[in-house]
>>> print(open('data-v2.cif').read())   # mmCIF, C-alpha atoms
data_entry
loop_
_atom_site.label_atom_id
_atom_site.label_comp_id
_atom_site.auth_asym_id
_atom_site.auth_seq_id
_atom_site.Cartn_x
_atom_site.Cartn_y
_atom_site.Cartn_z
CA MET A 1 -7.22 19.60 -22.81
CA LEU A 2 -9.92 18.68 -25.31
CA ALA A 3 -8.92 20.08 -28.70
CA LYS A 4 -11.12 22.12 -31.02
CA ARG A 5 -11.85 20.09 -34.15
CA ILE A 6 -11.43 20.95 -37.82
CA ILE A 7 -13.84 19.07 -40.08
CA PRO A 8 -13.75 19.10 -43.90
CA CYS A 9 -17.13 18.31 -45.44
CA LEU A 10 -17.41 16.34 -48.69
CA ASP A 11 -20.50 16.18 -50.87
CA ILE A 12 -21.08 12.71 -52.30
CA LYS A 13 -23.22 11.67 -55.24
CA ASN A 14 -23.34 8.09 -56.52
CA GLY A 15 -20.33 7.26 -54.37
CA ARG A 16 -18.23 10.06 -55.88
CA THR A 17 -17.12 13.42 -54.58
CA VAL A 18 -18.89 16.29 -56.30
CA LYS A 19 -18.07 20.00 -56.52
CA GLY A 20 -14.64 20.82 -57.79
CA VAL A 21 -11.88 19.68 -55.57
CA ASN A 22 -8.41 20.93 -56.24
CA PHE A 23 -5.89 19.01 -54.22
CA VAL A 24 -2.23 18.77 -54.95
CA ASN A 25 -1.02 15.24 -55.68
CA LEU A 26 -4.52 13.92 -55.99
CA ILE A 27 -4.83 11.49 -58.87
CA ASP A 28 -8.61 11.23 -58.78
CA ALA A 29 -10.36 14.21 -57.20
CA GLY A 30 -13.71 12.46 -57.44
CA ASN A 31 -12.59 9.53 -55.33
CA PRO A 32 -13.86 10.13 -51.79
CA ILE A 33 -11.60 7.49 -50.29
CA GLU A 34 -8.45 9.01 -51.67
CA LEU A 35 -9.62 12.45 -50.64
CA ALA A 36 -10.44 11.24 -47.13
CA ARG A 37 -7.00 9.72 -46.76
CA GLN A 38 -5.37 12.95 -47.87
CA TYR A 39 -7.38 14.90 -45.32
CA ALA A 40 -6.50 12.46 -42.54
CA LEU A 41 -2.81 12.86 -43.40
CA ALA A 42 -3.16 16.63 -43.58
CA GLY A 43 -4.40 16.73 -39.98
CA ALA A 44 -8.20 16.88 -40.28
CA ASP A 45 -9.78 15.75 -37.01
CA GLU A 46 -12.93 14.27 -38.51
CA LEU A 47 -14.70 14.13 -41.83
CA VAL A 48 -18.31 14.62 -42.83
CA PHE A 49 -19.72 13.00 -45.97
CA LEU A 50 -22.96 14.50 -47.15
CA ASP A 51 -24.80 12.13 -49.47
CA ILE A 52 -26.77 14.11 -52.02
CA SER A 53 -27.79 11.04 -54.06
CA ALA A 54 -31.48 11.05 -54.77
CA THR A 55 -32.50 7.47 -55.47
CA LEU A 56 -32.54 4.25 -53.48
CA GLU A 57 -30.19 2.48 -55.86
CA ASN A 58 -27.61 5.15 -55.22
CA ARG A 59 -27.88 4.54 -51.47
CA SER A 60 -26.26 1.14 -51.84
CA THR A 61 -23.39 2.77 -53.73
CA THR A 62 -23.03 5.11 -50.78
CA LEU A 63 -22.92 2.21 -48.33
CA ASP A 64 -20.19 0.66 -50.41
CA MET A 65 -18.24 3.92 -50.27
CA VAL A 66 -18.69 4.12 -46.49
CA LEU A 67 -17.29 0.63 -46.14
CA HIS A 68 -14.18 1.56 -48.14
CA VAL A 69 -13.66 4.78 -46.18
CA ALA A 70 -13.88 2.83 -42.92
CA GLU A 71 -11.34 0.34 -44.23
CA GLN A 72 -8.80 2.94 -45.22
CA VAL A 73 -9.20 6.03 -43.06
CA ASN A 74 -7.90 6.21 -39.49
CA ILE A 75 -9.92 9.17 -38.20
CA PRO A 76 -13.64 9.33 -37.33
CA PHE A 77 -16.23 10.20 -39.95
CA THR A 78 -19.90 11.12 -40.12
CA VAL A 79 -22.37 10.37 -42.88
CA GLY A 80 -25.43 12.54 -43.51
CA GLY A 81 -28.10 12.95 -46.18
CA GLY A 82 -31.35 11.07 -46.73
CA ILE A 83 -31.33 9.25 -43.39
CA SER A 84 -34.81 8.75 -41.96
CA SER A 85 -35.01 5.42 -40.14
CA ILE A 86 -33.35 3.06 -37.69
CA ALA A 87 -32.61 0.74 -40.62
CA ASP A 88 -30.77 3.51 -42.51
CA VAL A 89 -28.57 4.21 -39.49
CA ASP A 90 -27.99 0.56 -38.73
CA ALA A 91 -26.74 -0.04 -42.28
CA LEU A 92 -24.37 2.95 -42.16
CA LEU A 93 -22.92 2.07 -38.76
CA LYS A 94 -22.47 -1.55 -39.81
CA CYS A 95 -20.44 -0.33 -42.79
CA GLY A 96 -18.17 1.51 -40.36
CA ALA A 97 -19.51 5.07 -40.13
CA ASP A 98 -18.76 6.49 -36.68
CA LYS A 99 -21.63 8.94 -36.56
CA ILE A 100 -24.64 9.85 -38.64
CA SER A 101 -26.27 13.21 -39.20
CA ILE A 102 -29.99 13.84 -39.67
CA ASN A 103 -31.74 17.07 -40.59
CA SER A 104 -35.11 17.21 -42.42
CA SER A 105 -36.22 13.80 -41.12
CA ALA A 106 -35.76 15.04 -37.54
CA ILE A 107 -37.87 18.14 -38.19
CA GLN A 108 -40.61 16.09 -39.84
CA ARG A 109 -40.65 13.51 -37.06
CA PRO A 110 -38.69 14.64 -33.97
CA GLU A 111 -39.25 11.27 -32.21
CA LEU A 112 -36.69 9.88 -34.64
CA ILE A 113 -33.97 11.54 -32.53
CA ASN A 114 -35.15 9.66 -29.42
CA GLU A 115 -35.40 6.39 -31.29
CA LEU A 116 -31.92 6.67 -32.77
CA SER A 117 -30.19 7.77 -29.59
CA ASN A 118 -31.91 5.04 -27.56
CA LYS A 119 -30.94 2.42 -30.08
CA PHE A 120 -27.41 3.48 -31.00
CA GLY A 121 -26.36 5.89 -28.25
CA SER A 122 -26.39 9.67 -28.46
CA GLN A 123 -22.65 9.72 -29.17
CA CYS A 124 -23.26 8.78 -32.81
CA ILE A 125 -26.30 10.99 -33.51
CA ILE A 126 -25.68 14.47 -34.91
CA VAL A 127 -28.63 16.70 -35.66
CA ALA A 128 -27.86 19.22 -38.38
CA ILE A 129 -29.81 22.47 -38.29
CA ASP A 130 -29.97 24.93 -41.20
CA ALA A 131 -31.30 28.30 -40.13
CA LYS A 132 -31.68 31.79 -41.55
CA GLN A 133 -31.92 35.01 -39.58
CA ILE A 134 -34.91 37.02 -40.78
CA GLU A 135 -35.71 40.30 -39.02
CA GLY A 136 -33.74 39.23 -35.97
CA GLU A 137 -35.41 35.83 -35.72
CA TRP A 138 -33.54 32.59 -36.55
CA ILE A 139 -35.89 30.41 -38.65
CA VAL A 140 -35.14 26.70 -39.18
CA TYR A 141 -35.24 25.45 -42.76
CA LEU A 142 -35.51 21.93 -44.13
CA ALA A 143 -34.71 20.11 -47.37
CA GLY A 144 -31.25 21.58 -47.76
CA GLY A 145 -32.34 25.07 -46.83
CA THR A 146 -35.12 25.34 -49.39
CA ILE A 147 -38.25 25.17 -47.19
CA PRO A 148 -38.83 27.41 -44.15
CA THR A 149 -40.48 25.86 -41.09
CA LYS A 150 -42.26 27.36 -38.09
CA ARG A 151 -39.43 26.30 -35.83
CA LYS A 152 -37.02 28.76 -34.21
CA LEU A 153 -33.35 27.83 -33.99
CA PHE A 154 -32.78 28.07 -30.22
CA ASP A 155 -36.02 26.26 -29.26
CA TRP A 156 -35.38 23.52 -31.78
CA ALA A 157 -31.77 23.12 -30.66
CA LYS A 158 -32.91 22.74 -27.04
CA GLU A 159 -35.50 20.14 -28.06
CA VAL A 160 -32.92 18.27 -30.12
CA GLU A 161 -30.62 18.08 -27.09
CA GLN A 162 -33.43 16.92 -24.81
CA ARG A 163 -34.41 14.22 -27.29
CA GLY A 164 -30.91 12.77 -27.10
CA ALA A 165 -28.76 14.22 -29.89
CA GLY A 166 -25.05 13.92 -29.12
CA GLU A 167 -24.01 16.95 -31.14
CA ILE A 168 -25.47 19.82 -33.18
CA LEU A 169 -24.17 20.91 -36.57
CA PHE A 170 -25.45 24.45 -37.07
CA THR A 171 -25.28 26.00 -40.53
CA SER A 172 -26.15 29.66 -40.84
CA MET A 173 -27.73 30.15 -44.25
CA ASN A 174 -26.98 33.88 -43.98
CA ASN A 175 -23.28 33.08 -43.81
CA ASP A 176 -23.00 29.95 -45.94
CA GLY A 177 -21.12 30.60 -49.17
CA THR A 178 -20.26 34.21 -48.27
CA LYS A 179 -16.74 33.54 -46.96
CA ASN A 180 -17.37 36.37 -44.52
CA GLY A 181 -17.07 34.34 -41.33
CA PHE A 182 -19.29 32.13 -39.17
CA ALA A 183 -22.49 33.24 -37.35
CA ASN A 184 -20.66 33.66 -34.06
CA ASP A 185 -23.40 35.42 -32.07
CA ALA A 186 -25.90 32.61 -32.66
CA LEU A 187 -23.20 29.99 -32.11
CA ALA A 188 -22.25 31.48 -28.74
CA VAL A 189 -25.89 31.43 -27.63
CA LEU A 190 -26.16 27.76 -28.65
CA SER A 191 -22.91 26.84 -26.94
CA ASP A 192 -23.84 28.64 -23.70
CA SER A 193 -27.39 27.34 -23.51
CA LEU A 194 -26.75 23.70 -24.45
CA ASN A 195 -24.58 21.04 -22.88
CA ILE A 196 -23.63 19.11 -26.02
CA PRO A 197 -20.89 19.98 -28.55
CA ILE A 198 -21.70 22.50 -31.30
CA ILE A 199 -20.17 22.31 -34.77
CA ALA A 200 -20.02 25.66 -36.60
CA SER A 201 -20.74 25.64 -40.32
CA GLY A 202 -21.20 28.23 -43.04
CA GLY A 203 -19.07 31.24 -43.83
CA ALA A 204 -15.45 30.11 -43.54
CA GLY A 205 -13.22 32.24 -45.75
CA THR A 206 -10.04 32.97 -43.81
CA ILE A 207 -8.01 31.54 -40.95
CA GLN A 208 -9.15 34.45 -38.80
CA HIS A 209 -12.76 33.27 -39.23
CA PHE A 210 -11.85 29.99 -37.55
CA VAL A 211 -10.07 31.82 -34.73
CA GLU A 212 -13.20 33.91 -34.19
CA THR A 213 -15.66 31.02 -34.27
CA PHE A 214 -13.73 29.24 -31.53
CA ALA A 215 -12.96 32.36 -29.47
CA LEU A 216 -16.21 34.33 -29.92
CA GLY A 217 -18.63 31.69 -31.20
CA LYS A 218 -17.45 29.21 -28.52
CA ALA A 219 -17.80 26.42 -31.10
CA ASP A 220 -16.40 22.98 -30.29
CA ALA A 221 -15.63 22.22 -33.93
CA ALA A 222 -15.70 24.03 -37.25
CA LEU A 223 -16.77 22.57 -40.55
CA ALA A 224 -15.95 23.89 -44.01
CA ALA A 225 -15.81 22.68 -47.58
CA SER A 226 -14.47 24.88 -50.34
CA VAL A 227 -11.66 26.61 -48.41
CA PHE A 228 -10.19 23.16 -47.79
CA HIS A 229 -11.05 21.54 -51.12
CA PHE A 230 -9.46 24.32 -53.15
CA GLY A 231 -6.43 24.48 -50.91
CA GLU A 232 -7.19 28.08 -49.94
CA ILE A 233 -6.55 27.20 -46.31
CA PRO A 234 -4.11 24.33 -45.70
CA ILE A 235 -5.17 22.50 -42.55
CA SER A 236 -1.68 22.47 -41.03
CA GLU A 237 -1.35 26.24 -41.46
CA LEU A 238 -4.81 26.74 -39.98
CA LYS A 239 -4.01 24.65 -36.93
CA ASN A 240 -0.66 26.35 -36.32
CA GLU A 241 -2.35 29.73 -36.46
CA LEU A 242 -5.10 28.55 -34.09
CA ARG A 243 -2.47 27.42 -31.64
CA ASN A 244 -0.69 30.79 -31.95
CA ASN A 245 -4.01 32.28 -30.86
CA ASN A 246 -4.06 30.02 -27.79
CA ILE A 247 -6.75 27.77 -29.19
CA GLU A 248 -6.15 24.12 -28.33
CA VAL A 249 -5.75 22.00 -31.47
CA ARG A 250 -4.23 18.64 -32.31
CA LEU A 251 -1.00 19.17 -34.24
CA MET B 1 -0.79 -15.15 -34.19
CA LYS B 2 -4.46 -15.53 -33.47
CA LEU B 3 -6.19 -12.24 -32.73
CA VAL B 4 -9.88 -12.19 -31.85
CA ILE B 5 -12.30 -9.31 -31.40
CA ILE B 6 -15.18 -10.29 -29.13
CA ASP B 7 -18.41 -9.78 -31.06
CA TYR B 8 -21.29 -9.63 -28.59
CA GLY B 9 -23.41 -7.08 -30.41
CA ALA B 10 -22.19 -3.90 -28.73
CA GLY B 11 -20.96 -1.31 -31.15
CA ASN B 12 -19.04 -0.70 -34.27
CA ILE B 13 -16.40 -3.42 -34.20
CA LYS B 14 -15.65 -3.37 -37.91
CA SER B 15 -13.56 -0.25 -37.39
CA ILE B 16 -11.24 -2.18 -35.09
CA GLN B 17 -10.98 -5.05 -37.54
CA PHE B 18 -10.19 -2.56 -40.33
CA ALA B 19 -7.53 -0.86 -38.21
CA PHE B 20 -5.72 -4.18 -37.78
CA LYS B 21 -6.15 -4.87 -41.48
CA ARG B 22 -4.32 -1.62 -42.21
CA LEU B 23 -1.49 -3.12 -40.12
CA ASP B 24 -1.70 -6.28 -42.26
CA ILE B 25 -3.13 -8.31 -39.40
CA ASP B 26 -6.26 -10.40 -39.69
CA ALA B 27 -8.57 -10.28 -36.71
CA MET B 28 -11.44 -12.69 -36.21
CA LEU B 29 -14.83 -11.41 -35.05
CA THR B 30 -16.37 -14.01 -32.76
CA ASN B 31 -18.45 -14.69 -29.67
CA SER B 32 -17.40 -18.34 -29.49
CA PRO B 33 -15.83 -19.20 -26.09
CA GLU B 34 -13.64 -21.80 -27.81
CA GLU B 35 -12.20 -19.24 -30.27
CA ILE B 36 -11.68 -16.66 -27.54
CA LEU B 37 -9.95 -19.10 -25.18
CA THR B 38 -7.53 -20.26 -27.86
CA ALA B 39 -6.61 -16.75 -29.07
CA ASP B 40 -3.18 -15.25 -28.46
CA LYS B 41 -4.62 -11.78 -28.05
CA VAL B 42 -8.17 -10.65 -27.30
CA ILE B 43 -9.85 -7.32 -28.04
CA PHE B 44 -12.91 -6.54 -25.92
CA PRO B 45 -14.73 -3.64 -27.63
CA GLY B 46 -17.91 -1.80 -26.73
CA VAL B 47 -19.94 1.21 -27.73
CA GLY B 48 -23.33 2.13 -26.36
CA GLU B 49 -25.08 1.87 -23.03
CA ALA B 50 -23.47 -0.13 -20.20
CA SER B 51 -26.39 -2.12 -18.75
CA ASN B 52 -27.50 -3.26 -22.22
CA ALA B 53 -23.98 -4.24 -23.16
CA MET B 54 -23.60 -6.20 -19.92
CA MET B 55 -26.87 -7.98 -20.65
CA MET B 56 -25.64 -8.96 -24.11
CA LEU B 57 -22.39 -10.19 -22.57
CA LYS B 58 -24.36 -12.39 -20.18
CA GLU B 59 -26.59 -13.69 -22.95
CA ALA B 60 -23.48 -14.74 -24.87
CA GLN B 61 -22.24 -16.32 -21.59
CA LEU B 62 -19.03 -14.35 -21.78
CA ASP B 63 -19.28 -12.56 -18.42
CA LYS B 64 -17.61 -15.44 -16.57
CA LEU B 65 -15.14 -16.23 -19.31
CA ILE B 66 -13.59 -12.80 -19.91
CA PRO B 67 -12.29 -12.07 -16.37
CA ASN B 68 -10.55 -15.45 -16.34
CA LEU B 69 -8.67 -15.05 -19.61
CA GLU B 70 -4.91 -15.45 -19.26
CA GLN B 71 -3.69 -14.00 -22.56
CA PRO B 72 -3.37 -10.20 -23.10
CA VAL B 73 -6.83 -8.61 -23.28
CA LEU B 74 -7.47 -5.05 -24.46
CA GLY B 75 -10.77 -3.43 -23.51
CA ILE B 76 -11.68 -0.44 -25.66
CA CYS B 77 -14.06 2.36 -24.59
CA LEU B 78 -17.13 0.69 -23.03
CA GLY B 79 -15.12 -2.57 -23.06
CA MET B 80 -12.67 -0.95 -20.65
CA GLN B 81 -15.51 0.35 -18.47
CA LEU B 82 -17.17 -3.08 -18.27
CA LEU B 83 -13.89 -4.51 -16.95
CA CYS B 84 -14.20 -2.20 -13.93
CA LYS B 85 -16.09 -2.83 -10.65
CA HIS B 86 -19.19 -0.75 -11.25
CA THR B 87 -20.53 1.98 -13.52
CA GLU B 88 -23.05 4.68 -12.73
CA GLU B 89 -24.50 4.15 -16.19
CA GLY B 90 -27.65 2.11 -15.58
CA ASP B 91 -26.20 1.32 -12.08
CA THR B 92 -24.39 -1.64 -13.63
CA ALA B 93 -22.03 -4.11 -11.94
CA GLY B 94 -18.91 -4.68 -14.06
CA LEU B 95 -16.61 -7.67 -14.41
CA GLY B 96 -14.37 -6.44 -11.59
CA VAL B 97 -10.98 -6.89 -13.23
CA PHE B 98 -9.96 -3.28 -12.57
CA ASP B 99 -10.43 -2.10 -9.00
CA VAL B 100 -12.14 1.17 -9.91
CA ASN B 101 -15.61 2.64 -10.43
CA ILE B 102 -16.99 4.51 -13.44
CA LYS B 103 -18.63 7.89 -12.85
CA ARG B 104 -20.51 10.36 -15.04
CA PHE B 105 -19.04 13.73 -16.02
CA SER B 106 -21.00 16.53 -14.37
CA ASN B 107 -22.90 19.16 -16.30
CA LYS B 108 -20.09 21.65 -15.69
CA VAL B 109 -18.65 20.32 -18.95
CA LYS B 110 -20.26 19.33 -22.23
CA VAL B 111 -21.29 15.68 -22.21
CA PRO B 112 -20.30 13.54 -24.05
CA GLN B 113 -16.67 14.51 -24.23
CA MET B 114 -16.24 14.30 -27.98
CA GLY B 115 -12.98 14.67 -29.86
CA TRP B 116 -9.24 14.62 -29.40
CA ASN B 117 -7.62 14.95 -25.99
CA THR B 118 -4.13 14.24 -24.68
CA ILE B 119 -2.85 11.26 -22.71
CA THR B 120 -0.09 11.82 -20.15
CA ASN B 121 1.79 9.99 -17.42
CA LEU B 122 2.13 6.93 -19.67
CA LYS B 123 3.20 3.84 -17.77
CA SER B 124 3.06 0.74 -19.92
CA GLY B 125 4.65 -1.02 -22.86
CA LEU B 126 1.31 -0.38 -24.54
CA PHE B 127 2.56 3.19 -25.04
CA SER B 128 6.03 2.35 -26.23
CA GLY B 129 7.07 5.01 -28.77
CA ILE B 130 4.07 7.22 -27.92
CA GLU B 131 4.92 10.77 -26.89
CA ASN B 132 3.64 12.18 -23.63
CA ASN B 133 0.66 14.45 -24.47
CA GLU B 134 -0.19 12.58 -27.66
CA TYR B 135 -3.76 13.18 -28.84
CA MET B 136 -6.29 10.33 -28.87
CA TYR B 137 -9.90 10.30 -30.08
CA LEU B 138 -12.49 9.93 -27.31
CA VAL B 139 -16.28 9.82 -27.16
CA HIS B 140 -17.70 9.16 -23.72
CA SER B 141 -19.96 10.44 -20.96
CA TYR B 142 -18.57 8.27 -18.14
CA TYR B 143 -14.97 7.97 -16.90
CA ALA B 144 -12.75 5.85 -14.66
CA GLU B 145 -11.37 7.61 -11.60
CA LEU B 146 -7.63 7.71 -11.07
CA CYS B 147 -6.47 4.55 -9.28
CA LYS B 148 -3.37 2.44 -8.77
CA GLU B 149 -4.02 0.65 -12.07
CA THR B 150 -3.96 3.91 -14.08
CA ILE B 151 -1.44 3.79 -16.94
CA ALA B 152 -2.54 6.98 -18.75
CA THR B 153 -4.21 10.16 -17.53
CA THR B 154 -6.47 12.59 -19.38
CA ASN B 155 -8.06 15.81 -18.17
CA TYR B 156 -11.70 16.67 -18.80
CA GLU B 157 -13.44 18.32 -15.86
CA THR B 158 -10.96 16.36 -13.73
CA ASN B 159 -7.90 14.16 -14.16
CA TYR B 160 -9.16 10.66 -14.89
CA ALA B 161 -7.78 7.29 -15.98
CA SER B 162 -7.83 7.06 -19.77
CA ALA B 163 -6.01 3.71 -19.65
CA LEU B 164 -5.77 0.94 -17.06
CA GLN B 165 -3.74 -2.21 -16.57
CA HIS B 166 -4.07 -5.14 -14.23
CA GLU B 167 -1.82 -8.13 -14.97
CA ASN B 168 -2.74 -9.31 -18.52
CA PHE B 169 -5.72 -6.94 -18.76
CA TYR B 170 -5.42 -3.57 -20.48
CA GLY B 171 -8.14 -1.02 -21.02
CA VAL B 172 -8.23 2.23 -23.00
CA GLN B 173 -11.03 4.78 -22.87
CA PHE B 174 -10.00 6.27 -26.21
CA HIS B 175 -10.44 4.69 -29.64
CA PRO B 176 -6.99 3.66 -30.93
CA GLU B 177 -8.66 2.46 -34.14
CA LYS B 178 -9.77 6.05 -34.83
CA SER B 179 -6.74 7.87 -33.43
CA SER B 180 -4.66 8.24 -36.57
CA ILE B 181 -1.07 7.00 -36.68
CA ALA B 182 -0.52 7.13 -32.90
CA GLY B 183 -3.59 4.96 -32.31
CA GLU B 184 -2.38 2.38 -34.80
CA LYS B 185 0.97 2.32 -32.98
CA ILE B 186 -0.83 1.44 -29.74
CA LEU B 187 -2.70 -1.42 -31.43
CA LYS B 188 0.62 -2.65 -32.80
CA ASN B 189 2.21 -2.41 -29.35
CA PHE B 190 -0.62 -4.47 -27.86
CA LEU B 191 0.21 -7.30 -30.23
CA THR B 192 3.79 -7.43 -28.90
CA LEU B 193 2.78 -7.61 -25.20
#
>>> encode(input="data-v2.cif", output="structure tokens")
Amino acid sequence: MLAKRIIPCLDIKNGRTVKGVNFVNLIDAGNPIELARQYALAGADELVFLDISATLENRSTTLDMVLHVAEQVNIPFTVGGGISSIADVDALLKCGADKISINSSAIQRPELINELSNKFGSQCIIVAIDAKQIEGEWIVYLAGGTIPTKRKLFDWAKEVEQRGAGEILFTSMNNDGTKNGFANDALAVLSDSLNIPIIASGGAGTIQHFVETFALGKADAALAASVFHFGEIPISELKNELRNNNIEVRL
Amino acid sequence: MKLVIIDYGAGNIKSIQFAFKRLDIDAMLTNSPEEILTADKVIFPGVGEASNAMMMLKEAQLDKLIPNLEQPVLGICLGMQLLCKHTEEGDTAGLGVFDVNIKRFSNKVKVPQMGWNTITNLKSGLFSGIENNEYMYLVHSYYAELCKETIATTNYETNYASALQHENFYGVQFHPEKSSIAGEKILKNFLTL
């Protein structure tokens, strides 16, 4: 049976991991390659690198990092952040990224999704959606959740699928950072109404939250950052507990 | 030993080269018939859409060469599918090494299948030291039906062939280069065949 996936997310700036990372036995917590290797050994199913570098010069540093991750890490990984053209994606895939993730650029020009999936195949195109529930309505945001748009989550998700995305990474801004659990109601609607995999993001605080997002939110994968980086939830413990709850995972 | 990875423009082949590098083995990326013919082992990769990939294979004049290779050949993902008779993707004729057709998953399941699934009923030296029900990483929308050449079975919507073998030709639907330690073991096993 296809296993549910556990995906640590790493923020990258100038080719280095940012945000505090507190890993046992880690000599250089800012080294994304070493961190990625540790996560692969710990049983992570995939990794996501989110590039928060601002300038063009820093993009080449990121490409260099991607190349080194591809050389040394034996599980799939996705790169997101600042991607807005076929050339951007081509460069990342050539350096060995397995998938790429787009967000604001897809909202600003939705045809980009078609162009990328036609050119590279939908299997490597993730569309990330940040949304906030306001008075019962899920509103899509862009630019890292700073600017509201007129788009509604479920309509946009449907459009993204129709345009050829291979996967959706949905972050609930209401839940992100709260450690109170994932937005399982919205996730379940997405999972039931779409026919592509849904990655849950935002709100992970306990192992039970992961159990719930798979069981109630019907997510195909769950992404988190701090609970993994600070060792609050060891991946092996998480996966054992998921299996105890009859959720299929790779052990 | 001379190991070549056929580079005909379809997909992310660096990952495969890197996986061998982690095993301390140098693999050459090439589309030169001469280099391919003189290799001890050949990897036939592929990611993307089938009819386009087949067109690129023809442009590189490799469509006649590959089915006649006599050394061990390992098709990976779309590479495996192109070694079959026919695929529903773009209604494309394959190279016909494996006597099986490629079909699309129905919309009863999420397509593509994306992630880690188990391989069972393992029947080849390719899987020496690999446990039954080991997890492999897969990303695909089309699958090979079970057939007499099946050497590994996976279940997604239905039981299908996740690996095939015919004489010196091997094919795996999963990505051994992205399947952690078990995947690397399979690549290592291929080199000993």
>>> resolve_selection(input="data-v2.cif", expression="the PyMOL selection byres ((chain B) within 7 of (chain A))", output="mmCIF file with C-alpha atoms, keeping the file's coordinate frame")
data_model
loop_
_atom_site.group_PDB
_atom_site.id
_atom_site.type_symbol
_atom_site.label_atom_id
_atom_site.label_comp_id
_atom_site.auth_asym_id
_atom_site.auth_seq_id
_atom_site.Cartn_x
_atom_site.Cartn_y
_atom_site.Cartn_z
ATOM 1 C CA ASN B 12 -19.040 -0.700 -34.270
ATOM 2 C CA LYS B 14 -15.650 -3.370 -37.910
ATOM 3 C CA SER B 15 -13.560 -0.250 -37.390
ATOM 4 C CA PHE B 18 -10.190 -2.560 -40.330
ATOM 5 C CA GLY B 48 -23.330 2.130 -26.360
ATOM 6 C CA GLU B 49 -25.080 1.870 -23.030
ATOM 7 C CA LYS B 110 -20.260 19.330 -22.230
ATOM 8 C CA VAL B 111 -21.290 15.680 -22.210
ATOM 9 C CA PRO B 112 -20.300 13.540 -24.050
ATOM 10 C CA GLY B 115 -12.980 14.670 -29.860
ATOM 11 C CA TRP B 116 -9.240 14.620 -29.400
ATOM 12 C CA ASN B 117 -7.620 14.950 -25.990
ATOM 13 C CA THR B 118 -4.130 14.240 -24.680
ATOM 14 C CA TYR B 135 -3.760 13.180 -28.840
ATOM 15 C CA VAL B 139 -16.280 9.820 -27.160
ATOM 16 C CA ASN B 155 -8.060 15.810 -18.170
ATOM 17 C CA TYR B 156 -11.700 16.670 -18.800
ATOM 18 C CA GLU B 177 -8.660 2.460 -34.140
ATOM 19 C CA LYS B 178 -9.770 6.050 -34.830
ATOM 20 C CA SER B 179 -6.740 7.870 -33.430
ATOM 21 C CA SER B 180 -4.660 8.240 -36.570
#
>>> closest_residue(input="data-v2.cif", among="A:Ser193, A:Ser172, A:Thr213, A:Thr17", to="A:Thr62", atoms="all atoms listed in the file")
A:Thr17
>>> resolve_selection(input="data-v2.cif", expression="the PyMOL selection byres ((chain B and resi 129) around 10)", output="MDAnalysis selection string")
chainID B and resid 125:128 130:132 182 185:186 189
>>> residues_around(input="data-v2.cif", residues="B:Asp40", least_positions_apart="3", cutoff="12 Å", atoms="all atoms listed in the file", output="PyMOL selection string")
chain B and resi 1-5+27-28+35-37+43+69-74+168+190-193
>>> closest_residue(input="data-v2.cif", among="B:Lys58, B:Arg22, B:His86, B:Lys41", to="B:Asp99", atoms="all atoms listed in the file")
B:His86
>>> residues_near_point(input="data-v2.cif", point="(-29.9, 13.9, -37.9)", cutoff="7 Å", atoms="only C-alpha atoms", output="list of chain:residue names")
A:Ile100, A:Ser101, A:Ile102, A:Asn103, A:Ala106, A:Ile125, A:Ile126, A:Val127, A:Ala128
>>> resolve_selection(input="data-v2.cif", expression="the PyMOL selection byres ((chain A and resi 139) around 12)", output="PyMOL selection string")
chain A and resi 129-138+140-142+145-157+171-174+186
>>> write_last_selection(input="data-v2.cif", atoms="C-alpha atoms", output="short mmCIF file (atom, residue, chain, number, x, y, z; two decimals), in the coordinates of the input")
data_model
loop_
_atom_site.label_atom_id
_atom_site.label_comp_id
_atom_site.auth_asym_id
_atom_site.auth_seq_id
_atom_site.Cartn_x
_atom_site.Cartn_y
_atom_site.Cartn_z
CA ILE A 129 -29.81 22.47 -38.29
CA ASP A 130 -29.97 24.93 -41.20
CA ALA A 131 -31.30 28.30 -40.13
CA LYS A 132 -31.68 31.79 -41.55
CA GLN A 133 -31.92 35.01 -39.58
CA ILE A 134 -34.91 37.02 -40.78
CA GLU A 135 -35.71 40.30 -39.02
CA GLY A 136 -33.74 39.23 -35.97
CA GLU A 137 -35.41 35.83 -35.72
CA TRP A 138 -33.54 32.59 -36.55
CA VAL A 140 -35.14 26.70 -39.18
CA TYR A 141 -35.24 25.45 -42.76
CA LEU A 142 -35.51 21.93 -44.13
CA GLY A 145 -32.34 25.07 -46.83
CA THR A 146 -35.12 25.34 -49.39
CA ILE A 147 -38.25 25.17 -47.19
CA PRO A 148 -38.83 27.41 -44.15
CA THR A 149 -40.48 25.86 -41.09
CA LYS A 150 -42.26 27.36 -38.09
CA ARG A 151 -39.43 26.30 -35.83
CA LYS A 152 -37.02 28.76 -34.21
CA LEU A 153 -33.35 27.83 -33.99
CA PHE A 154 -32.78 28.07 -30.22
CA ASP A 155 -36.02 26.26 -29.26
CA TRP A 156 -35.38 23.52 -31.78
CA ALA A 157 -31.77 23.12 -30.66
CA THR A 171 -25.28 26.00 -40.53
CA SER A 172 -26.15 29.66 -40.84
CA MET A 173 -27.73 30.15 -44.25
CA ASN A 174 -26.98 33.88 -43.98
CA ALA A 186 -25.90 32.61 -32.66
#
>>> atom_distance(input="data-v2.cif", atom1="atom CA of B:Pro176", atom2="atom CA of B:Asp7")
17.6 Å
>>> atom_distance(input="data-v2.cif", atom1="atom CA of B:Thr153", atom2="atom CA of B:Asn133")
9.5 Å
>>> closest_residue(input="data-v2.cif", among="B:Met55, B:Ala152, B:Val172, B:Leu187", to="B:Cys84", atoms="all atoms listed in the file")
B:Val172
